[in-house]
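First comes the structure, then the notes that go with it.
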Amino acid sequence: MLSRRQWTYTVLSYLILEILIRNVKGLNVCTSGSATSCEECLLIHPSCAWCAQEEFGAPRTLTSRCDLLQNLQKRGCEARSVESPRSDSTVLENQPLSSKGSGPTQYDVIQIMPQKVSLSLRPGDPTWFEVQVRQVEDYPVDLYYLMDLSLSMKDDLDTIRNLGTKLAQEMKKLTSNFRLGFGSFVDKNMSPFSYTAAKYQSNPCNGYKLFPNCVPSFGFRHLLSLTDKVDMFNKEVQKQMVSRNRDAPEGGFDAILQAAVCKESIGWRKEAFHLLVFTTDDVPHLALDGKLGGLVQPHDGMCHLDEKNEYSASTRMDYPSLALLGEKLAENNIYLIFAVTKKLYVIYKNFTALIPGTTVEILDQDSKNIIQLIVNAYNNIRSKVELTVWDHPEDISLSFTATCQDGRPLTGLRKCADLKIGDTVSFNVSVEARGCPSPDRPQSFTIKPVGFKDRLQALRALQRAGTHTCGTCACEPGYLGTRCECREGDAGSTHLAACRQAEGKQVCSGRGQCRCNQCLCYESEFGKIYGSYCECDDFSCARHKGLLCSGHGECHCGECKCHAGYIGDNCNCSTETAPCVSEDGRMCSGRGVCVCGGCQCTEPGAFGDTCEKCPTCPDACGTKSAFPQARLVHITQADAHRLWHVSDLAPTLTCPFWVLLNPVECVECRLFGSGKLADNQTCQRLCKDEIVTVETLKSDDPNAVLCLYKTDSDCVMKFTYSEHANGQSVLTALKEPECAAAPDALTVLLAVVGSILAVGVALLAVWKLVITVHDRRSSPASRAPDPARATRWPRTPCTSSGCPATRRRPSSA
């Protein structure tokens with residue numbers, strides 16, 4: 001448990017840290033507003049103070065009086081004139097806790113301390129106080145037994161006819177001062193809840209063969225006030241008869257409310273532990289169920305017992321709500337025990353979450369276990385302490401830290417369980433005001449354990465900041481100004497000139513009225529307008545994606561004051577570099593620069609969140625697989641702009657600027673004086689790895705990577721890259737790049753001529769082949785004789801006298 005000194009130290013450390021953080025951000029929260037009075041200043045933030053010294057600051061600048069304490073002292077404000085009150089708590093009544101509840105001191109038992117505290121609260125500045133609670137031994141107990149007497153509970157009634165004697169015997173083991181009372185209920189005696197026909201008026205069981213005789217329905221009947229004469233309880237129970245209602249739900253909530261609020265009739269003692277045992281075998285009617293019978297009037301939460309101790313408003317008002325039940329039970333310090341059958345356990349368990357100080361136990365069908373049930377419930381209740389708050393002001397925040405039997409603080413809890421009677425637990429209560437209270441609001445609240453009569457009252461002292469006018473003039477009616485030098489309504493040129501920031505500027509920047517040498521700024525729906533000339537506001541700063549200062553800064557007089565980790569006019573540029581680190585651990589995969597928390601790829605063809613994708617980038621010699629230990633080197637902005645042409649990123653580049661240096665570039669510039677780093681100074685400054693030149697490269701080293709690189713002169717540069725055990729990088733390169741020798745001119749000429757001749761001969765051969773094939777196809781000798789013609793027309797030789805005139809057609813034989 002934190003001591004008061006430790007708590008004060010913690011709060012002061014928090015305030016000092018917050019002040020330092022705000023100063024680092026460049027924003028003085030006290031002077032950023034336009035506080036013109038002590039009250040306005042102290043409401044800005046708990047770190048703000050007001051100087052009430054009469055001669056302080058510029059004559060016409062009211063806001064200069066509101067500043068951080070150390071700033072006011074540096075500017076000459078005397079310590080006695082500084083108004084910066086702190087929240088505090090004072091114990092007004094603190095009687096010690098009692099150890100026993102019976103005997104001569106039973107009427108003065110104290111179970112909570114302190115009993116009264118006074119709180120002096122400054123908005124935003126928390127204070128605290130400690131509460132201790134102890135359940136004393138042998139505390140008086142009042143137990144009121146409220147029983148469902150509907151027809152289904154007949155066997156239960158038979159079981160409890162001697163309950164008083166047995167229950168008193170068990171309770172005497174827990175307390176020497178025990179009283180017992182008795183009441184019963186059924187339901188509203190009206191339709192549709194009960195039988196209302198004439199034949200059922202005197203006997204609603206008329207015609208019911210299983211049980212033909214019963215008494216008329218009733219809402220609630222108080223039968224026995226709390227008494228220590230348990231035989232009277234037995235006699236009263238033995239007189240009772242069951243009744244019969246029409247629907248399944250019962251009117252038990254009507255009965256609970258009357259048993260809670262009719263304190264005089266029931267006999268609840270102020271100095272006793274109040275137990276209300278509610279037994280039933282069915283569900284209850286809830287608020288609004290009464291509308292089924294035409295009952296539209298909500299329950300008023302008052303006692304309505306007539307001269308016969310019966311509930312007289314049963315047929316006039318609706319059933320009470322759970323909220324009303326919880327309020328009245330807590331108000332009268334009553335623990336409610338639901339003793340219900342197993343099938344109803346879940347339903348009534350849900351009710352306990354809505355009614356504080358309520359438990360539920362499973363009742364046997366015939367109530368045989370009722371005594372043990374009550375004893376168990378009593379022990380369960382007495383093993384817990386839970387704090388509640390009454391009349392909680394809306395402008396006050398409360399937070400609790402419980403310290404139970406194990407001694408460990410439990411933040412956010414106001415409850416301790418598994419306690420033994422006589423154990424003491426404590427609660428740390430932190431109180432913070434969110435604003436100044438209005439006179440019509442309650443200025444006190446109460447903390448009390450559930451079911452206890454004991455309570456702690458917290459009184460809120462109205463804290464007025466400063467002494468009368470806090471160093472400023474309180475002008476008489478009709479006069480204005482810091483020295484009351486102006487009459488109300490004056491608007492001369494002299495006064496107007498004092499409200500202009502410069503000659504030719506608008507009066508009060510066009511956003512206020514000049515009233516006696518001072519600007520009274522207009523109100524704006526967008527934010528606050530302030531400043532000596534209304535020149536400042538908190539809403540005209542640059543935005544990004546609709547958010548003022550990108551949501552990463554504060555708008556102060558038109559300029560974004562960025563939070564830590566962000567830069568830029570609109571605070572949209574993150575200085576975080578973690579998102580730029582690729583999976584291989586390099587910054588932007590060695591292919592770009594980290595700008596505003598994102599990678600700007602500078603390698604042609606590179607893309608991706610960390611420039612990790614680059615289909616057109618160099619081979620493996622330019623990747624991490626070849627250079628796992630390639631080191632980051634620091635270069636200047638000028639180097640970056642010259643090497644990678646990133647002049648368009650100049651506004652966002654900051655030093656130091658780190659890049660991953662490619663060994664290829666160092667080999668090229670160190671050995672051959674070419675490449676990006678050809679400038680001698682740049683090459684010597686950046687390329688510091690060892691470079692060894694050899695005549696022949698060895699390829700048997702498994703730890704060395706062979707790299708080939710084409711130079712600007714179209715030569716092939718070969719080198720290997722390896723790492724020593726000490727982490728040093730070693731580049732082993734050939735003394736001279738391999739350049740191909742120029743071919744012999746005659747050889748080239750002969751090759752060209754030979755190629756041409758070969759092609760010509762080939763073409764001629766093809767042409768000759770085509771002509772030959774064509775001639776053969778068109779020659780007569782190549783044509784074959786017609787067999788049909790030779791058969792039908794045999795050739796007849798011609799003589800010197802001529803050829804025959806006719807020819808016979810051959811016979812067809």
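As shown in the structure tokens, the chain order sets the letters A, B, ...; within each chain, residues go from 1, and ligands are also counted from 1 in the order they appear.
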
For Val389 of chain A, work out the shell of residues within 8 Å, counting only C-alpha atoms and skipping chain neighbours fewer than 2 positions away, then give it as a PyMOL selection string. chain A and resi 387+391-392+445-448

When DSSP works through the backbone of this structure, what residues of segment 219-350 of chain A end up as strand (DSSP E or B), shown as a VMD selection string? chain A and resid 220 to 227 243 250 273 to 280 284 305 310 to 311 334 to 340

Emit the selected residues as a PDB file, in the first residue's frame, including C-alpha atoms.
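Heads up, here's the output in part_28.pdb:
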```pdb
ATOM      1  CA  PHE A 220     -48.135  -9.239   0.652  1.00  0.00           C
ATOM      2  CA  ARG A 221     -49.002  -9.923   4.281  1.00  0.00           C
ATOM      3  CA  HIS A 222     -46.696  -8.991   7.170  1.00  0.00           C
ATOM      4  CA  LEU A 223     -47.237 -11.659   9.833  1.00  0.00           C
ATOM      5  CA  LEU A 224     -44.531 -11.310  12.489  1.00  0.00           C
ATOM      6  CA  SER A 225     -42.254  -8.390  13.306  1.00  0.00           C
ATOM      7  CA  LEU A 226     -38.626  -9.139  14.099  1.00  0.00           C
ATOM      8  CA  THR A 227     -38.368 -10.718  17.544  1.00  0.00           C
ATOM      9  CA  SER A 243     -53.558 -19.811  -1.566  1.00  0.00           C
ATOM     10  CA  GLU A 250     -45.723 -14.701  -8.445  1.00  0.00           C
ATOM     11  CA  PHE A 273     -27.120  -6.908  10.045  1.00  0.00           C
ATOM     12  CA  HIS A 274     -30.255  -7.146   7.858  1.00  0.00           C
ATOM     13  CA  LEU A 275     -31.063 -10.402   6.031  1.00  0.00           C
ATOM     14  CA  LEU A 276     -34.166 -10.861   3.860  1.00  0.00           C
ATOM     15  CA  VAL A 277     -34.723 -14.515   2.880  1.00  0.00           C
ATOM     16  CA  PHE A 278     -37.019 -14.860  -0.139  1.00  0.00           C
ATOM     17  CA  THR A 279     -38.304 -18.405  -0.858  1.00  0.00           C
ATOM     18  CA  THR A 280     -40.255 -19.360  -3.981  1.00  0.00           C
ATOM     19  CA  PRO A 284     -41.560 -13.233 -10.368  1.00  0.00           C
ATOM     20  CA  LEU A 305     -49.314  -1.453   4.740  1.00  0.00           C
ATOM     21  CA  GLU A 310     -51.429  -6.135   4.292  1.00  0.00           C
ATOM     22  CA  TYR A 311     -50.152  -4.461   1.140  1.00  0.00           C
ATOM     23  CA  ILE A 334     -30.600  -5.142   3.443  1.00  0.00           C
ATOM     24  CA  TYR A 335     -28.967  -8.265   2.050  1.00  0.00           C
ATOM     25  CA  LEU A 336     -31.414 -10.207  -0.093  1.00  0.00           C
ATOM     26  CA  ILE A 337     -31.078 -14.013  -0.280  1.00  0.00           C
ATOM     27  CA  PHE A 338     -32.973 -15.707  -3.108  1.00  0.00           C
ATOM     28  CA  ALA A 339     -33.784 -19.285  -1.949  1.00  0.00           C
ATOM     29  CA  VAL A 340     -35.195 -20.847  -5.126  1.00  0.00           C
TER      30      VAL A 340
END
```

Show me, as a PyMOL selection string, the residues that have an atom within 8 Å of Gly326 of chain A when counting only C-alpha atoms, minus same-chain residues fewer than 2 positions from it. chain A and resi 322-324+328-330+354-356

Name the closest residue to Glu54 of chain A among the candidates A:Asn380, A:Thr352, A:Ser81, A:Gln457; distances are taken between atoms, counting only C-alpha atoms. A:Ser81

Find the residues near Val136 of chain A: any atom within 12 Å, counting only C-alpha atoms, skip ones fewer than 6 places away on the same chain, and give them as a ChimeraX atom specification. /A:97-102,106,108-112,174-175,272-273,382-383,419-424,452,454

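Take atom CA of Gln135 of chain A and atom CA of Ala260 of chain A: the distance between them is 22.3 Å.
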
At a cut-off of 7 Å, using only C-alpha atoms, what residues contact Leu706 of chain A? Leave out same-chain residues fewer than 5 positions from it and give the result as a ChimeraX atom specification. /A:719-721

Take the residues that were just selected and, keeping N, CA and C atoms, output them as a PDB file, in the first residue's frame.
```pdb
ATOM      1  N   PHE A 719      36.140  -9.751 -59.547  1.00  0.00           N
ATOM      2  CA  PHE A 719      36.692  -9.661 -58.194  1.00  0.00           C
ATOM      3  C   PHE A 719      35.898 -10.605 -57.295  1.00  0.00           C
ATOM      4  N   THR A 720      36.513 -10.937 -56.175  1.00  0.00           N
ATOM      5  CA  THR A 720      35.826 -11.767 -55.172  1.00  0.00           C
ATOM      6  C   THR A 720      35.620 -10.953 -53.905  1.00  0.00           C
ATOM      7  N   TYR A 721      34.549 -11.291 -53.195  1.00  0.00           N
ATOM      8  CA  TYR A 721      34.192 -10.585 -51.953  1.00  0.00           C
ATOM      9  C   TYR A 721      34.180 -11.615 -50.825  1.00  0.00           C
TER      10      TYR A 721
END
```

Nearby residues (only C-alpha atoms) at most 12 Å from Val346 of chain A, same-chain spacing under 3 positions excluded, as a VMD selection string: chain A and resid 283 338 340 to 343 349 to 353 359 to 362

Within 6 Å of Asp318 of chain A, counting only C-alpha atoms, which residues show up once you throw out same-chain ones fewer than 6 positions away? Write them as a PDB file with N, CA, C and O atoms, in the first residue's frame, please.
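The file below, out-v3.pdb, is the result:
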```pdb
ATOM      1  N   GLY A 290     -47.896  -5.333 -14.815  1.00  0.00           N
ATOM      2  CA  GLY A 290     -49.169  -4.859 -14.270  1.00  0.00           C
ATOM      3  C   GLY A 290     -50.094  -4.301 -15.329  1.00  0.00           C
ATOM      4  O   GLY A 290     -51.312  -4.239 -15.114  1.00  0.00           O
ATOM      5  N   LEU A 295     -52.931  -1.809 -14.777  1.00  0.00           N
ATOM      6  CA  LEU A 295     -52.199  -1.001 -13.801  1.00  0.00           C
ATOM      7  C   LEU A 295     -51.091  -0.237 -14.517  1.00  0.00           C
ATOM      8  O   LEU A 295     -50.079  -0.801 -14.898  1.00  0.00           O
ATOM      9  N   GLN A 297     -49.850   2.851 -13.307  1.00  0.00           N
ATOM     10  CA  GLN A 297     -49.100   3.704 -12.389  1.00  0.00           C
ATOM     11  C   GLN A 297     -47.843   2.973 -11.917  1.00  0.00           C
ATOM     12  O   GLN A 297     -47.932   1.902 -11.318  1.00  0.00           O
ATOM     13  N   PRO A 298     -46.638   3.520 -12.167  1.00  0.00           N
ATOM     14  CA  PRO A 298     -45.409   2.871 -11.692  1.00  0.00           C
ATOM     15  C   PRO A 298     -45.380   2.847 -10.167  1.00  0.00           C
ATOM     16  O   PRO A 298     -46.015   3.666  -9.500  1.00  0.00           O
ATOM     17  N   HIS A 299     -44.636   1.927  -9.638  1.00  0.00           N
ATOM     18  CA  HIS A 299     -44.523   1.836  -8.188  1.00  0.00           C
ATOM     19  C   HIS A 299     -43.778   3.052  -7.647  1.00  0.00           C
ATOM     20  O   HIS A 299     -42.783   3.493  -8.217  1.00  0.00           O
TER      21      HIS A 299
END
```

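Coordinates place atom CA of Cys549 of chain A at a distance of 13.5 Å from atom CA of Asp537 of chain A.
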
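Each of A:Asp584, A:Glu559, A:Glu665, A:Glu432 was compared to Leu121 of chain A using only C-alpha atoms, and A:Glu432 turns out to be the nearest.
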
Going by DSSP on the backbone, which bits of segment 265-399 of chain A are alpha helix (DSSP H)? Write them as a short mmCIF file (atom, residue, chain, number, x, y, z; two decimals) with all heavy atoms, in the first residue's frame, please.
```cif
data_model
loop_
_atom_site.label_atom_id
_atom_site.label_comp_id
_atom_site.auth_asym_id
_atom_site.auth_seq_id
_atom_site.Cartn_x
_atom_site.Cartn_y
_atom_site.Cartn_z
N SER A 265 -42.74 -1.18 10.74
CA SER A 265 -43.59 -2.36 10.89
C SER A 265 -42.77 -3.65 10.97
O SER A 265 -43.04 -4.53 11.79
CB SER A 265 -44.59 -2.44 9.73
OG SER A 265 -45.42 -1.30 9.68
N ILE A 266 -41.76 -3.75 10.13
CA ILE A 266 -40.94 -4.96 10.13
C ILE A 266 -40.07 -5.02 11.39
O ILE A 266 -39.86 -6.09 11.96
CB ILE A 266 -40.06 -5.02 8.88
CG1 ILE A 266 -40.93 -4.95 7.61
CG2 ILE A 266 -39.20 -6.28 8.86
CD1 ILE A 266 -41.92 -6.07 7.46
N LEU A 322 -36.44 -3.71 -11.18
CA LEU A 322 -35.22 -4.18 -10.53
C LEU A 322 -34.39 -3.02 -10.00
O LEU A 322 -33.78 -3.11 -8.93
CB LEU A 322 -34.39 -5.00 -11.52
CG LEU A 322 -34.97 -6.36 -11.93
CD1 LEU A 322 -34.13 -6.96 -13.05
CD2 LEU A 322 -35.00 -7.31 -10.75
N ALA A 323 -34.36 -1.92 -10.75
CA ALA A 323 -33.58 -0.76 -10.30
C ALA A 323 -34.15 -0.20 -9.00
O ALA A 323 -33.40 0.17 -8.08
CB ALA A 323 -33.58 0.31 -11.39
N LEU A 324 -35.48 -0.12 -8.91
CA LEU A 324 -36.11 0.40 -7.69
C LEU A 324 -35.84 -0.54 -6.52
O LEU A 324 -35.57 -0.10 -5.39
CB LEU A 324 -37.61 0.57 -7.92
CG LEU A 324 -38.41 1.15 -6.75
CD1 LEU A 324 -37.90 2.52 -6.38
CD2 LEU A 324 -39.90 1.21 -7.09
N LEU A 325 -35.92 -1.84 -6.76
CA LEU A 325 -35.63 -2.80 -5.70
C LEU A 325 -34.20 -2.63 -5.19
O LEU A 325 -33.96 -2.58 -3.98
CB LEU A 325 -35.81 -4.23 -6.22
CG LEU A 325 -37.21 -4.83 -6.20
CD1 LEU A 325 -37.15 -6.26 -6.69
CD2 LEU A 325 -37.80 -4.78 -4.80
N GLY A 326 -33.24 -2.55 -6.11
CA GLY A 326 -31.85 -2.39 -5.71
C GLY A 326 -31.62 -1.12 -4.92
O GLY A 326 -30.87 -1.12 -3.93
N GLU A 327 -32.26 -0.04 -5.33
CA GLU A 327 -32.10 1.23 -4.63
C GLU A 327 -32.63 1.15 -3.20
O GLU A 327 -31.97 1.61 -2.25
CB GLU A 327 -32.83 2.33 -5.41
CG GLU A 327 -32.80 3.69 -4.74
CD GLU A 327 -33.65 4.70 -5.47
OE1 GLU A 327 -33.94 4.47 -6.66
OE2 GLU A 327 -34.02 5.71 -4.85
N LYS A 328 -33.81 0.58 -3.02
CA LYS A 328 -34.42 0.53 -1.69
C LYS A 328 -33.71 -0.46 -0.77
O LYS A 328 -33.58 -0.23 0.44
CB LYS A 328 -35.90 0.17 -1.82
CG LYS A 328 -36.72 1.24 -2.52
CD LYS A 328 -36.58 2.58 -1.81
CE LYS A 328 -37.33 3.69 -2.54
NZ LYS A 328 -37.17 5.00 -1.87
N LEU A 329 -33.24 -1.58 -1.32
CA LEU A 329 -32.50 -2.52 -0.50
C LEU A 329 -31.19 -1.90 -0.01
O LEU A 329 -30.81 -2.06 1.16
CB LEU A 329 -32.22 -3.80 -1.29
CG LEU A 329 -33.43 -4.70 -1.57
CD1 LEU A 329 -33.06 -5.78 -2.58
CD2 LEU A 329 -33.96 -5.34 -0.29
N ALA A 330 -30.48 -1.21 -0.91
CA ALA A 330 -29.22 -0.57 -0.51
C ALA A 330 -29.47 0.57 0.47
O ALA A 330 -28.71 0.77 1.42
CB ALA A 330 -28.49 -0.07 -1.75
N GLU A 331 -30.53 1.31 0.24
CA GLU A 331 -30.84 2.44 1.10
C GLU A 331 -31.11 1.99 2.54
O GLU A 331 -30.80 2.71 3.50
CB GLU A 331 -32.06 3.17 0.52
CG GLU A 331 -32.43 4.46 1.21
CD GLU A 331 -33.62 5.09 0.53
OE1 GLU A 331 -33.47 5.48 -0.65
OE2 GLU A 331 -34.70 5.18 1.16
N TYR A 345 -32.53 -21.32 -10.75
CA TYR A 345 -31.27 -20.76 -10.26
C TYR A 345 -30.69 -19.75 -11.25
O TYR A 345 -30.26 -18.65 -10.86
CB TYR A 345 -30.26 -21.88 -10.00
CG TYR A 345 -28.92 -21.38 -9.54
CD1 TYR A 345 -28.71 -21.06 -8.20
CD2 TYR A 345 -27.86 -21.23 -10.44
CE1 TYR A 345 -27.48 -20.60 -7.77
CE2 TYR A 345 -26.63 -20.76 -10.01
CZ TYR A 345 -26.43 -20.46 -8.68
OH TYR A 345 -25.22 -19.99 -8.26
N VAL A 346 -30.64 -20.09 -12.54
CA VAL A 346 -30.02 -19.21 -13.52
C VAL A 346 -30.76 -17.88 -13.63
O VAL A 346 -30.15 -16.80 -13.71
CB VAL A 346 -29.96 -19.90 -14.90
CG1 VAL A 346 -29.43 -18.94 -15.97
CG2 VAL A 346 -29.09 -21.15 -14.84
N ILE A 347 -32.10 -17.94 -13.59
CA ILE A 347 -32.91 -16.71 -13.70
C ILE A 347 -32.60 -15.76 -12.55
O ILE A 347 -32.33 -14.57 -12.74
CB ILE A 347 -34.40 -17.06 -13.74
CG1 ILE A 347 -34.73 -17.87 -15.00
CG2 ILE A 347 -35.25 -15.79 -13.68
CD1 ILE A 347 -36.15 -18.35 -15.06
N TYR A 348 -32.63 -16.28 -11.34
CA TYR A 348 -32.39 -15.43 -10.18
C TYR A 348 -30.91 -15.04 -10.06
O TYR A 348 -30.59 -14.00 -9.49
CB TYR A 348 -32.88 -16.11 -8.90
CG TYR A 348 -34.38 -16.00 -8.75
CD1 TYR A 348 -35.23 -16.95 -9.30
CD2 TYR A 348 -34.95 -14.93 -8.06
CE1 TYR A 348 -36.61 -16.85 -9.17
CE2 TYR A 348 -36.33 -14.82 -7.93
CZ TYR A 348 -37.16 -15.78 -8.48
OH TYR A 348 -38.52 -15.66 -8.35
N LYS A 349 -30.02 -15.85 -10.59
CA LYS A 349 -28.60 -15.48 -10.60
C LYS A 349 -28.39 -14.24 -11.46
O LYS A 349 -27.57 -13.37 -11.14
CB LYS A 349 -27.77 -16.65 -11.14
CG LYS A 349 -26.26 -16.43 -11.07
CD LYS A 349 -25.78 -16.35 -9.64
CE LYS A 349 -24.27 -16.22 -9.56
NZ LYS A 349 -23.78 -16.09 -8.17
N ASN A 350 -29.14 -14.15 -12.56
CA ASN A 350 -29.05 -12.95 -13.39
C ASN A 350 -29.56 -11.72 -12.65
O ASN A 350 -29.07 -10.62 -12.86
CB ASN A 350 -29.84 -13.15 -14.69
CG ASN A 350 -29.21 -14.19 -15.59
OD1 ASN A 350 -28.01 -14.44 -15.53
ND2 ASN A 350 -30.02 -14.83 -16.43
N PHE A 351 -30.56 -11.91 -11.79
CA PHE A 351 -31.07 -10.78 -11.00
C PHE A 351 -30.00 -10.25 -10.05
O PHE A 351 -29.94 -9.04 -9.78
CB PHE A 351 -32.30 -11.20 -10.19
CG PHE A 351 -33.53 -11.47 -11.03
CD1 PHE A 351 -34.54 -12.30 -10.57
CD2 PHE A 351 -33.67 -10.89 -12.27
CE1 PHE A 351 -35.68 -12.53 -11.32
CE2 PHE A 351 -34.80 -11.13 -13.05
CZ PHE A 351 -35.80 -11.95 -12.58
N THR A 352 -29.16 -11.12 -9.52
CA THR A 352 -28.15 -10.68 -8.55
C THR A 352 -27.14 -9.72 -9.18
O THR A 352 -26.55 -8.90 -8.48
CB THR A 352 -27.39 -11.89 -7.97
OG1 THR A 352 -26.68 -12.57 -9.00
CG2 THR A 352 -28.36 -12.86 -7.30
N ALA A 353 -26.93 -9.85 -10.49
CA ALA A 353 -26.00 -8.93 -11.16
C ALA A 353 -26.58 -7.52 -11.25
O ALA A 353 -25.83 -6.56 -11.42
CB ALA A 353 -25.67 -9.46 -12.55
N LEU A 354 -27.90 -7.40 -11.15
CA LEU A 354 -28.56 -6.10 -11.27
C LEU A 354 -28.96 -5.52 -9.92
O LEU A 354 -29.31 -4.33 -9.85
CB LEU A 354 -29.81 -6.25 -12.15
CG LEU A 354 -29.56 -6.80 -13.56
CD1 LEU A 354 -30.87 -7.05 -14.28
CD2 LEU A 354 -28.68 -5.85 -14.36
N ILE A 370 -33.39 -25.49 4.14
CA ILE A 370 -33.48 -24.05 4.29
C ILE A 370 -32.54 -23.52 5.37
O ILE A 370 -31.95 -22.45 5.23
CB ILE A 370 -34.95 -23.62 4.57
CG1 ILE A 370 -35.07 -22.10 4.57
CG2 ILE A 370 -35.44 -24.24 5.87
CD1 ILE A 370 -34.74 -21.45 3.26
N ILE A 371 -32.36 -24.25 6.47
CA ILE A 371 -31.51 -23.76 7.55
C ILE A 371 -30.05 -23.69 7.09
O ILE A 371 -29.38 -22.66 7.27
CB ILE A 371 -31.66 -24.66 8.79
CG1 ILE A 371 -33.09 -24.54 9.34
CG2 ILE A 371 -30.65 -24.27 9.87
CD1 ILE A 371 -33.35 -25.43 10.54
N GLN A 372 -29.57 -24.78 6.52
CA GLN A 372 -28.19 -24.77 6.04
C GLN A 372 -28.00 -23.75 4.94
O GLN A 372 -26.94 -23.13 4.83
CB GLN A 372 -27.82 -26.18 5.54
CG GLN A 372 -26.33 -26.34 5.24
CD GLN A 372 -25.46 -26.08 6.45
OE1 GLN A 372 -25.78 -26.52 7.56
NE2 GLN A 372 -24.38 -25.32 6.25
N LEU A 373 -29.03 -23.57 4.14
CA LEU A 373 -28.97 -22.58 3.06
C LEU A 373 -28.77 -21.18 3.63
O LEU A 373 -27.94 -20.41 3.15
CB LEU A 373 -30.26 -22.66 2.24
CG LEU A 373 -30.45 -21.74 1.05
CD1 LEU A 373 -31.36 -22.42 0.02
CD2 LEU A 373 -31.09 -20.42 1.45
N ILE A 374 -29.51 -20.85 4.66
CA ILE A 374 -29.41 -19.51 5.27
C ILE A 374 -28.05 -19.32 5.91
O ILE A 374 -27.41 -18.26 5.77
CB ILE A 374 -30.54 -19.31 6.30
CG1 ILE A 374 -31.90 -19.27 5.59
CG2 ILE A 374 -30.32 -18.03 7.10
CD1 ILE A 374 -33.08 -19.22 6.54
N VAL A 375 -27.56 -20.33 6.61
CA VAL A 375 -26.25 -20.23 7.26
C VAL A 375 -25.15 -20.04 6.22
O VAL A 375 -24.25 -19.20 6.38
CB VAL A 375 -25.99 -21.47 8.13
CG1 VAL A 375 -24.55 -21.46 8.66
CG2 VAL A 375 -26.98 -21.54 9.29
N ASN A 376 -25.22 -20.81 5.13
CA ASN A 376 -24.21 -20.68 4.07
C ASN A 376 -24.25 -19.29 3.43
O ASN A 376 -23.21 -18.69 3.15
CB ASN A 376 -24.43 -21.75 3.00
CG ASN A 376 -24.12 -23.14 3.51
OD1 ASN A 376 -23.45 -23.31 4.53
ND2 ASN A 376 -24.62 -24.16 2.81
N ALA A 377 -25.46 -18.81 3.16
CA ALA A 377 -25.60 -17.48 2.55
C ALA A 377 -25.06 -16.40 3.47
O ALA A 377 -24.39 -15.45 3.04
CB ALA A 377 -27.06 -17.22 2.21
N TYR A 378 -25.34 -16.53 4.79
CA TYR A 378 -24.85 -15.55 5.75
C TYR A 378 -23.31 -15.54 5.77
O TYR A 378 -22.68 -14.47 5.74
CB TYR A 378 -25.40 -15.88 7.13
CG TYR A 378 -24.84 -15.02 8.25
CD1 TYR A 378 -25.29 -13.72 8.44
CD2 TYR A 378 -23.84 -15.50 9.09
CE1 TYR A 378 -24.77 -12.92 9.45
CE2 TYR A 378 -23.30 -14.71 10.09
CZ TYR A 378 -23.77 -13.43 10.27
OH TYR A 378 -23.26 -12.64 11.27
N ASN A 379 -22.70 -16.72 5.80
CA ASN A 379 -21.25 -16.80 5.80
C ASN A 379 -20.66 -16.25 4.51
O ASN A 379 -19.60 -15.61 4.52
CB ASN A 379 -20.79 -18.25 6.01
CG ASN A 379 -21.06 -18.74 7.41
OD1 ASN A 379 -21.05 -17.96 8.38
ND2 ASN A 379 -21.33 -20.04 7.57
N ASN A 380 -21.34 -16.51 3.41
CA ASN A 380 -20.88 -15.99 2.12
C ASN A 380 -20.93 -14.47 2.08
O ASN A 380 -20.00 -13.81 1.60
CB ASN A 380 -21.73 -16.58 0.99
CG ASN A 380 -21.25 -16.16 -0.38
OD1 ASN A 380 -20.07 -16.00 -0.61
ND2 ASN A 380 -22.18 -15.95 -1.29
N ILE A 381 -22.00 -13.92 2.60
CA ILE A 381 -22.14 -12.45 2.62
C ILE A 381 -21.09 -11.82 3.53
O ILE A 381 -20.48 -10.80 3.20
CB ILE A 381 -23.56 -12.07 3.08
CG1 ILE A 381 -24.58 -12.48 2.01
CG2 ILE A 381 -23.65 -10.59 3.36
CD1 ILE A 381 -26.01 -12.35 2.46
N ARG A 382 -20.86 -12.43 4.67
CA ARG A 382 -19.92 -11.87 5.64
C ARG A 382 -18.46 -12.04 5.20
O ARG A 382 -17.56 -11.46 5.80
CB ARG A 382 -20.12 -12.54 7.00
CG ARG A 382 -21.46 -12.22 7.64
CD ARG A 382 -21.42 -10.88 8.32
NE ARG A 382 -20.85 -10.99 9.67
CZ ARG A 382 -20.45 -9.96 10.40
NH1 ARG A 382 -20.52 -8.75 9.91
NH2 ARG A 382 -19.96 -10.14 11.61
#
```

Mind giving me the straight-line distance from atom CA of His285 of chain A to atom CA of Asp155 of chain A in Å, one decimal? 22.8 Å
